[in-house]
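Shown below: work-v6.tsv, with TSV, C-alpha atoms.
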```tsv
chain	number	residue	atom	x	y	z
K	1	MET	CA	64.82	91.67	98.05
K	2	LEU	CA	66.98	89.36	100.16
K	3	LYS	CA	65.28	87.27	102.79
K	4	PRO	CA	66.22	87.70	106.46
K	5	VAL	CA	68.60	85.17	107.92
K	6	GLU	CA	66.45	82.57	109.68
K	7	LEU	CA	68.18	81.16	112.76
K	8	PRO	CA	66.76	78.84	115.41
K	9	ALA	CA	67.36	79.54	119.09
K	10	ALA	CA	71.04	79.11	119.85
K	11	SER	CA	72.55	76.77	122.41
K	12	PRO	CA	76.17	76.63	123.59
K	13	LEU	CA	76.74	73.69	121.25
K	14	THR	CA	75.00	75.00	118.14
K	15	ALA	CA	75.95	78.71	118.22
K	16	PRO	CA	79.40	78.34	116.58
K	17	VAL	CA	77.90	76.17	113.82
K	18	GLN	CA	75.15	78.74	113.25
K	19	ALA	CA	77.76	81.50	113.13
K	20	LEU	CA	79.57	79.61	110.35
K	21	ASP	CA	76.28	79.04	108.54
K	22	LEU	CA	75.54	82.76	108.85
K	23	PHE	CA	78.89	83.62	107.27
K	24	VAL	CA	78.34	81.25	104.33
K	25	THR	CA	74.87	82.75	103.75
K	26	LEU	CA	76.09	86.34	103.83
K	27	LEU	CA	79.17	85.62	101.74
K	28	SER	CA	76.96	84.18	99.02
K	29	GLU	CA	75.00	87.45	99.00
K	30	VAL	CA	77.92	89.88	99.34
K	31	GLU	CA	77.76	91.01	95.70
K	32	ALA	CA	73.99	91.55	95.79
K	33	ALA	CA	72.79	95.12	95.28
K	34	GLU	CA	71.69	95.46	98.89
K	35	PRO	CA	72.21	98.79	100.68
K	36	THR	CA	75.12	98.79	103.11
K	37	ASP	CA	72.97	99.59	106.17
K	38	ALA	CA	70.59	96.71	105.39
K	39	PHE	CA	73.47	94.25	105.01
K	40	TYR	CA	75.09	95.13	108.33
K	41	SER	CA	71.77	95.51	110.13
K	42	ARG	CA	71.10	91.87	109.29
K	43	LEU	CA	74.44	91.01	110.88
K	44	CYS	CA	73.38	92.90	114.01
K	45	GLU	CA	70.05	91.08	114.11
K	46	ALA	CA	71.73	87.69	113.76
K	47	THR	CA	74.22	88.61	116.50
K	48	CYS	CA	71.40	89.44	118.91
K	49	ARG	CA	69.55	86.22	118.11
K	50	LEU	CA	72.59	84.02	118.62
K	51	THR	CA	73.72	85.63	121.89
K	52	SER	CA	70.48	86.85	123.55
K	53	MET	CA	71.60	90.47	123.32
K	54	ARG	CA	68.99	93.26	123.33
K	55	ARG	CA	70.51	95.79	120.93
K	56	ALA	CA	73.53	95.94	118.67
K	57	VAL	CA	75.28	98.40	116.37
K	58	ILE	CA	78.23	97.83	114.04
K	59	LEU	CA	80.88	100.56	113.80
K	60	LEU	CA	83.05	100.08	110.73
K	61	TYR	CA	86.07	101.91	109.34
K	62	ASP	CA	85.18	103.37	105.94
K	63	ASP	CA	88.27	103.43	103.69
K	64	ASP	CA	86.56	105.68	101.17
K	65	ARG	CA	85.62	108.35	103.72
K	66	ARG	CA	88.54	107.61	106.06
K	67	GLU	CA	86.42	107.55	109.18
K	68	VAL	CA	84.62	105.20	111.54
K	69	ARG	CA	80.85	105.24	111.12
K	70	ALA	CA	77.79	103.26	112.16
K	71	VAL	CA	76.75	101.02	109.27
K	72	GLY	CA	74.04	98.81	110.78
K	73	SER	CA	71.96	98.30	113.91
K	74	HIS	CA	69.27	96.18	115.52
K	75	GLY	CA	66.96	97.26	118.34
K	76	VAL	CA	68.12	100.88	118.16
K	77	PRO	CA	67.62	103.43	115.34
K	78	LEU	CA	70.72	103.77	113.19
K	79	ASP	CA	70.21	107.53	112.77
K	80	LEU	CA	71.07	108.02	116.46
K	81	PHE	CA	74.67	107.31	115.45
K	82	GLU	CA	74.65	109.52	112.36
K	83	HIS	CA	77.78	111.66	112.03
K	84	ALA	CA	79.25	110.00	115.14
K	85	ASP	CA	82.97	109.82	114.44
K	86	VAL	CA	83.89	107.05	116.89
K	87	THR	CA	87.53	105.98	117.06
K	88	PRO	CA	89.59	103.78	119.42
K	89	ALA	CA	90.91	107.00	120.90
K	90	SER	CA	87.42	108.30	121.76
K	91	ALA	CA	85.92	104.95	122.83
K	92	GLU	CA	88.15	103.20	125.36
K	93	ILE	CA	86.12	99.99	125.21
K	94	SER	CA	86.73	99.60	121.46
K	95	ARG	CA	90.45	100.24	121.86
K	96	ARG	CA	90.80	97.45	124.42
K	97	ALA	CA	88.68	95.03	122.40
K	98	LEU	CA	90.74	95.54	119.22
K	99	GLU	CA	94.17	95.62	120.84
K	100	GLU	CA	93.53	92.55	122.99
K	101	ASP	CA	91.33	90.76	120.41
K	102	ARG	CA	88.71	89.80	122.96
K	103	VAL	CA	85.13	90.59	123.97
K	104	VAL	CA	85.16	93.39	126.55
K	105	GLU	CA	82.29	93.60	129.06
K	106	VAL	CA	81.26	96.65	131.08
K	107	THR	CA	78.49	96.87	133.70
K	108	GLU	CA	79.21	100.27	135.25
K	109	GLN	CA	81.10	103.56	134.71
K	110	PHE	CA	80.04	103.71	131.08
K	111	GLU	CA	81.21	107.33	130.94
K	112	SER	CA	84.83	106.19	130.95
K	113	GLU	CA	84.27	103.82	128.02
K	114	LEU	CA	82.16	105.72	125.46
K	115	PRO	CA	81.77	109.29	124.17
K	116	GLU	CA	79.31	111.36	126.21
K	117	ARG	CA	76.69	111.51	123.44
K	118	PHE	CA	76.05	107.74	123.75
K	119	LEU	CA	75.57	107.62	127.52
K	120	PRO	CA	71.79	108.40	127.43
K	121	LEU	CA	71.32	105.18	125.43
K	122	LEU	CA	72.68	103.06	128.25
K	123	GLU	CA	70.98	102.06	131.46
K	124	ASP	CA	71.60	99.25	133.89
K	125	GLY	CA	72.74	96.06	132.25
K	126	LEU	CA	75.69	94.69	130.35
K	127	LEU	CA	77.56	96.47	127.54
K	128	THR	CA	79.83	94.38	125.32
K	129	CYS	CA	82.30	95.32	122.62
K	130	THR	CA	83.31	92.62	120.14
K	131	PRO	CA	86.30	93.20	117.85
K	132	MET	CA	85.86	92.80	114.11
K	133	ALA	CA	89.39	91.82	113.16
K	134	ALA	CA	90.85	89.29	110.75
K	135	GLY	CA	94.20	88.75	109.08
K	136	GLY	CA	95.85	91.38	111.26
K	137	ARG	CA	93.47	94.12	110.12
K	138	TRP	CA	90.96	96.02	112.26
K	139	TYR	CA	87.61	96.49	110.51
K	140	GLY	CA	85.48	97.77	113.37
K	141	VAL	CA	83.55	96.64	116.45
K	142	ILE	CA	80.12	95.36	117.43
K	143	LEU	CA	78.64	97.20	120.41
K	144	ALA	CA	75.79	95.28	122.05
K	145	ASP	CA	73.92	95.35	125.35
K	146	ARG	CA	71.52	93.14	127.29
K	147	ALA	CA	69.01	93.75	130.05
K	148	PRO	CA	70.12	93.32	133.71
K	149	GLU	CA	68.08	90.12	134.08
K	150	GLY	CA	70.19	88.53	131.36
K	151	GLY	CA	73.15	88.38	133.72
K	152	PRO	CA	76.84	88.29	132.77
K	153	LEU	CA	78.14	86.46	129.74
K	154	THR	CA	78.96	82.79	130.07
K	155	ASP	CA	82.13	81.44	128.50
K	156	PRO	CA	80.22	79.88	125.57
K	157	GLN	CA	78.35	83.14	124.94
K	158	ARG	CA	81.58	85.10	125.09
K	159	HIS	CA	83.19	82.70	122.60
K	160	THR	CA	80.16	82.93	120.32
K	161	LEU	CA	80.38	86.73	120.29
K	162	TRP	CA	84.10	86.56	119.51
K	163	THR	CA	83.37	84.10	116.69
K	164	LEU	CA	80.66	86.38	115.32
K	165	GLY	CA	83.17	89.23	115.33
K	166	LYS	CA	85.42	87.16	113.07
K	167	VAL	CA	82.43	86.28	110.89
K	168	CYS	CA	81.48	89.95	110.55
K	169	ALA	CA	85.09	90.90	109.80
K	170	LEU	CA	85.29	88.31	107.02
K	171	ALA	CA	81.95	89.40	105.61
K	172	ALA	CA	83.09	93.03	105.71
K	173	SER	CA	86.35	92.06	104.02
K	174	ALA	CA	84.48	90.32	101.21
K	175	ARG	CA	82.14	93.28	100.76
K	176	ILE	CA	85.07	95.74	100.74
K	177	ALA	CA	86.85	93.60	98.14
K	178	THR	CA	83.73	93.76	95.95
K	179	PHE	CA	83.60	97.53	96.32
K	180	GLN	CA	87.30	97.85	95.45
K	181	ARG	CA	86.79	95.74	92.34
K	182	GLU	CA	83.96	98.04	91.28
K	183	ARG	CA	86.15	101.05	91.95
K	184	ALA	CA	88.96	99.56	89.86
K	185	GLN	CA	86.45	99.17	87.04
K	186	GLN	CA	85.49	102.83	87.41
K	187	LEU	CA	89.15	103.85	87.23
K	188	SER	CA	89.54	101.76	84.08
K	189	GLU	CA	86.56	103.54	82.57
K	190	ARG	CA	88.13	106.88	83.45
K	191	LEU	CA	91.30	105.90	81.61
K	192	ASP	CA	89.16	105.14	78.57
K	193	LEU	CA	87.59	108.56	79.11
K	194	ALA	CA	91.02	110.21	79.04
K	195	ARG	CA	91.79	108.49	75.74
K	196	ASP	CA	88.53	109.75	74.29
K	197	VAL	CA	89.33	113.28	75.42
K	198	HIS	CA	92.68	113.04	73.67
K	199	ASP	CA	91.35	111.50	70.45
K	200	ARG	CA	88.19	113.57	70.07
K	201	VAL	CA	88.95	116.89	71.72
K	202	VAL	CA	92.68	117.47	72.01
K	203	GLN	CA	93.29	116.68	68.35
K	204	ARG	CA	90.63	119.15	67.31
K	205	LEU	CA	92.06	121.84	69.58
K	206	PHE	CA	95.55	121.15	68.22
K	207	GLY	CA	94.30	121.89	64.73
K	208	VAL	CA	92.78	125.15	65.94
K	209	SER	CA	96.05	126.14	67.62
K	210	LEU	CA	97.93	125.61	64.36
K	211	ALA	CA	95.44	127.85	62.56
K	212	LEU	CA	95.72	130.52	65.23
K	213	SER	CA	99.52	130.47	64.95
K	214	ALA	CA	99.26	132.01	61.48
K	215	GLU	CA	100.22	135.66	61.29
K	216	SER	CA	96.81	136.75	60.01
K	217	LEU	CA	93.35	135.24	59.80
K	218	ASP	CA	90.54	136.44	57.62
K	219	GLY	CA	86.95	136.49	58.81
K	220	GLU	CA	86.14	133.09	57.35
K	221	ALA	CA	89.13	131.48	59.10
K	222	ARG	CA	88.19	133.04	62.42
K	223	GLU	CA	84.63	131.74	62.07
K	224	ARG	CA	86.00	128.28	61.30
K	225	CYS	CA	88.22	128.36	64.43
K	226	LEU	CA	85.25	129.47	66.55
K	227	ALA	CA	83.12	126.63	65.16
K	228	GLU	CA	85.88	124.12	65.93
K	229	LEU	CA	86.27	125.41	69.49
K	230	GLN	CA	82.53	125.20	70.12
K	231	ALA	CA	82.45	121.66	68.72
K	232	ALA	CA	85.37	120.69	70.96
K	233	LEU	CA	83.56	122.05	74.02
K	234	ARG	CA	80.41	120.11	73.13
K	235	GLU	CA	82.39	116.90	72.73
K	236	LEU	CA	84.22	117.52	75.99
K	237	ARG	CA	80.94	117.99	77.89
K	238	ALA	CA	79.50	114.83	76.34
K	239	VAL	CA	82.55	112.77	77.25
K	240	MET	CA	82.69	114.12	80.80
K	241	GLN	CA	79.00	113.47	81.43
K	242	ARG	CA	79.47	109.89	80.30
K	243	GLY	CA	82.41	109.45	82.65
K	244	GLN	CA	80.84	110.86	85.79
K	245	ALA	CA	81.03	108.41	88.70
K	246	PRO	CA	77.76	107.58	90.47
K	247	GLN	CA	77.09	109.43	93.70
K	248	ARG	CA	78.03	107.41	96.75
K	249	ARG	CA	75.00	106.28	98.69
K	250	GLY	CA	74.48	107.55	102.18
K	251	ALA	CA	77.11	110.30	102.21
K	252	GLY	CA	74.71	112.85	103.75
K	253	LEU	CA	77.44	115.27	104.92
K	254	SER	CA	77.85	118.91	103.96
K	255	LEU	CA	81.20	120.61	103.52
K	256	PHE	CA	80.62	122.49	106.79
K	257	ASP	CA	79.87	119.20	108.59
K	258	VAL	CA	83.16	117.76	107.35
K	259	VAL	CA	85.10	120.85	108.49
K	260	ALA	CA	83.64	120.39	112.00
K	261	ARG	CA	84.45	116.68	112.06
K	262	LEU	CA	88.01	117.23	110.85
K	263	ARG	CA	88.45	119.88	113.55
K	264	ASP	CA	87.34	117.38	116.22
K	265	ARG	CA	89.53	114.62	114.79
K	266	HIS	CA	92.68	116.73	114.66
K	267	GLY	CA	92.34	118.40	118.04
K	268	GLY	CA	95.98	119.48	118.17
K	269	VAL	CA	95.63	121.60	115.02
K	270	ALA	CA	93.76	124.91	114.79
K	271	LEU	CA	91.55	123.82	111.91
K	272	GLY	CA	88.51	125.81	110.86
K	273	LEU	CA	86.63	127.85	108.29
K	274	ARG	CA	88.28	131.28	108.29
K	275	GLU	CA	86.41	132.93	105.41
K	276	GLY	CA	83.17	132.34	103.54
K	277	GLU	CA	80.77	131.30	106.32
K	278	GLY	CA	77.85	132.74	104.36
K	279	ILE	CA	78.71	131.10	101.04
K	280	ALA	CA	76.43	128.27	99.95
K	281	VAL	CA	78.26	125.34	98.41
K	282	PRO	CA	76.55	124.39	95.11
K	283	GLU	CA	74.89	121.00	95.48
K	284	GLU	CA	76.59	119.60	92.39
K	285	LEU	CA	80.01	120.61	93.80
K	286	GLU	CA	79.54	119.36	97.37
K	287	ARG	CA	81.13	115.99	96.71
K	288	VAL	CA	84.22	117.24	94.91
K	289	ALA	CA	84.70	120.03	97.49
K	290	ILE	CA	84.61	117.47	100.32
K	291	SER	CA	87.06	115.23	98.46
K	292	VAL	CA	89.53	118.09	98.00
K	293	LEU	CA	89.14	119.22	101.63
K	294	VAL	CA	89.65	115.75	103.13
K	295	GLU	CA	92.67	114.99	100.94
K	296	ALA	CA	94.25	118.39	101.58
K	297	VAL	CA	93.91	117.98	105.36
K	298	ARG	CA	95.13	114.39	105.22
K	299	ASN	CA	98.22	115.37	103.22
K	300	ALA	CA	98.92	118.32	105.52
K	301	VAL	CA	98.86	116.14	108.63
K	302	LYS	CA	100.86	113.39	106.94
K	303	HIS	CA	103.57	115.44	105.24
K	304	ALA	CA	103.86	118.53	107.46
K	305	SER	CA	103.71	119.51	111.11
K	306	PRO	CA	100.87	122.03	110.96
K	307	SER	CA	99.76	124.17	113.87
K	308	ARG	CA	96.85	125.52	111.82
K	309	ILE	CA	94.87	124.58	108.72
K	310	ASP	CA	92.73	127.38	107.29
K	311	VAL	CA	89.72	126.67	105.08
K	312	ARG	CA	88.45	129.54	102.94
K	313	LEU	CA	85.51	129.85	100.56
K	314	SER	CA	85.04	132.63	98.02
K	315	GLU	CA	83.10	133.48	94.86
K	316	PRO	CA	85.35	135.65	92.66
K	317	GLY	CA	83.59	136.54	89.45
K	318	GLY	CA	80.77	134.12	90.25
K	319	ALA	CA	83.12	131.12	90.45
K	320	PHE	CA	83.26	128.77	93.43
K	321	VAL	CA	86.69	128.62	95.11
K	322	LEU	CA	87.81	126.47	98.03
K	323	GLU	CA	91.27	127.00	99.53
K	324	VAL	CA	92.98	124.91	102.20
K	325	VAL	CA	96.18	126.44	103.58
K	326	ASN	CA	98.42	124.89	106.23
K	327	ASP	CA	101.63	125.95	107.89
K	328	GLY	CA	104.43	123.73	109.15
K	329	THR	CA	105.86	122.78	105.76
K	330	SER	CA	109.52	122.53	104.91
K	331	PRO	CA	111.13	124.60	102.14
K	332	THR	CA	112.46	121.32	100.72
K	333	ARG	CA	109.01	119.78	100.29
K	334	SER	CA	108.46	118.48	96.77
K	335	ARG	CA	106.54	120.96	94.68
K	336	GLY	CA	105.77	118.69	91.78
K	337	ARG	CA	104.09	115.63	93.27
K	338	THR	CA	100.76	114.93	94.88
K	339	GLY	CA	98.87	111.89	96.10
K	340	MET	CA	96.38	109.74	94.24
K	341	GLY	CA	93.51	111.14	96.30
K	342	LEU	CA	94.05	114.70	95.05
K	343	ARG	CA	94.56	113.44	91.51
K	344	LEU	CA	91.18	111.74	91.56
K	345	ALA	CA	89.64	114.88	93.09
K	346	ALA	CA	91.21	116.91	90.30
K	347	PHE	CA	89.57	114.60	87.78
K	348	GLU	CA	86.20	115.12	89.47
K	349	ALA	CA	86.75	118.88	89.28
K	350	LEU	CA	87.50	118.59	85.56
K	351	GLU	CA	84.09	116.98	85.07
K	352	HIS	CA	82.58	120.27	86.28
K	353	GLY	CA	84.96	122.41	84.22
K	354	GLY	CA	87.14	123.26	87.24
K	355	ILE	CA	90.72	122.71	88.34
K	356	VAL	CA	92.62	121.67	91.44
K	357	GLU	CA	96.00	123.32	91.97
K	358	PHE	CA	98.48	123.10	94.81
K	359	GLY	CA	101.82	124.58	95.79
K	360	ALA	CA	103.92	126.41	98.31
K	361	LEU	CA	103.06	129.83	99.71
K	362	GLY	CA	106.41	131.13	100.88
K	363	ASP	CA	108.73	128.81	102.74
K	364	HIS	CA	106.41	127.40	105.39
K	365	GLU	CA	102.87	127.27	103.96
K	366	TRP	CA	101.15	125.01	101.47
K	367	ARG	CA	97.93	125.66	99.61
K	368	VAL	CA	95.43	123.40	97.83
K	369	ARG	CA	92.89	125.30	95.72
K	370	LEU	CA	89.71	124.15	93.98
K	371	ALA	CA	88.23	126.58	91.46
K	372	VAL	CA	85.09	125.87	89.44
K	373	PRO	CA	83.43	128.39	87.11
K	374	ARG	CA	79.66	128.72	87.39
K	375	GLY	CA	77.16	129.68	84.73
K	376	GLU	CA	78.07	130.69	81.20
K	377	GLY	CA	80.85	132.97	82.49
```

Output the file's structure in the form of structure tokens.
Amino acid sequence: MLKPVELPAASPLTAPVQALDLFVTLLSEVEAAEPTDAFYSRLCEATCRLTSMRRAVILLYDDDRREVRAVGSHGVPLDLFEHADVTPASAEISRRALEEDRVVEVTEQFESELPERFLPLLEDGLLTCTPMAAGGRWYGVILADRAPEGGPLTDPQRHTLWTLGKVCALAASARIATFQRERAQQLSERLDLARDVHDRVVQRLFGVSLALSAESLDGEARERCLAELQAALRELRAVMQRGQAPQRRGAGLSLFDVVARLRDRHGGVALGLREGEGIAVPEELERVAISVLVEAVRNAVKHASPSRIDVRLSEPGGAFVLEVVNDGTSPTRSRGRTGMGLRLAAFEALEHGGIVEFGALGDHEWRVRLAVPRGEG
């Protein structure tokens, strides 16, 4: 268990030095197996101590989930911000802070600066938004407030907050780099997995296919082919179970939650669940279904001009099927290429014995389909 960052009371002269010391301390611990919320909550606590703020929350852009989410807090429960998809477009104060690279202060008319759901958290006092930006990249913001008796920020306090934003951005950058290195290792392991599938399973199935190509098979040959097929399936299951990626901590979202959030995010598109409201998504398939949904919507918005995106769930023959269909495509759209995100999702589906397929429906629609068999059938 990592110890809390111990900081003495800050003064205008010592705060920047303490901010640098904080960064060195956190950077040395960035590869430690500490939960994400604990890491960033410690940043929030240190920010409040160094600047005499009352409460703070860090909103960070999550590359993996492609959304802004609350990752740490101090003085306010983090779960109050759960599933709060805050963006520069929905929070005016964060947009100004990031675009102008400065600490923005607000003492009134909070309703014009933050989404409505956060207004009950604010009373009289000072609200600040500190940009977390470094190297030309926006990582997120630190929202913090102080009691009315604390008064407005002084120039040294404002500079300390700005410095802490840079510190937090650098710490976030280092932590993201560590995560990306781990992900690269996982991808390398999956390549090894593909080689094992080829060497142990495909070769066996190739031999069976040669036997089945004969004009006639006696009973003994058929039994031998059946035994080989069963052995290949056992080996395939064993290899896939070994290659399964660990579940991401703190996901906590259902497929239906993600549909609602995507609908809010893409307000100009009629996006929604059109069929299958009563179908329960199997727990073991929730992650891969969300991956396919998010990538399908992202590709639709990026490569087409959709007016609607329909999400459908069904259970034909006991299987689980997710379909995402969008309009607004061009007849000349490439039918043979897809992005890395869907390829990785297809690999996840393969681990469950399913497939991901995609293609045009007529001249102006595009469909992405996840199908996973369930049970022995």

Self-check item: Residue nearest Trp162 of chain K - candidates K:Gly328, K:Pro373, K:Gly268, K:Pro131, atoms counted: only C-alpha atoms
Solution: K:Pro131

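The space between atom CA of Arg42 of chain K and atom CA of Leu161 of chain K spans 15.3 Å.
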
Quiz item: Which one is closest to Thr154 of chain K: K:Val324, K:Val103, K:Ile279, K:Leu253? Count all atoms listed in the file.
Solution: K:Val103

Quiz item: Which neighbours of Val281 of chain K fall inside 10 Å, counting all atoms listed in the file, when residues of the same chain fewer than 6 positions from it are skipped, and could you give them as a PyMOL selection string?
Solution: chain K and resi 254-256+287+289+313-314+320-322

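Residue nearest Val106 of chain K within the list K:Asp145, K:Glu284, K:Glu82, K:Glu365: K:Asp145 [criterion: smallest interatomic distance, all atoms listed in the file].
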
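In this structure, atom CA of Arg55 of chain K sits 24.8 Å away from atom CA of Ala174 of chain K.
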
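Coordinates place atom CA of Ser330 of chain K at a distance of 29.6 Å from atom CA of Leu350 of chain K.
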
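Across K:Leu50, K:Ala231, K:Trp366, K:Leu271, the tightest approach to His303 of chain K is made by K:Trp366 when counting all atoms listed in the file.
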
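With distances restricted to only C-alpha atoms, K:Leu143 is the closest residue to Ser94 of chain K from K:Thr107, K:Ala270, K:Val71, K:Leu143.
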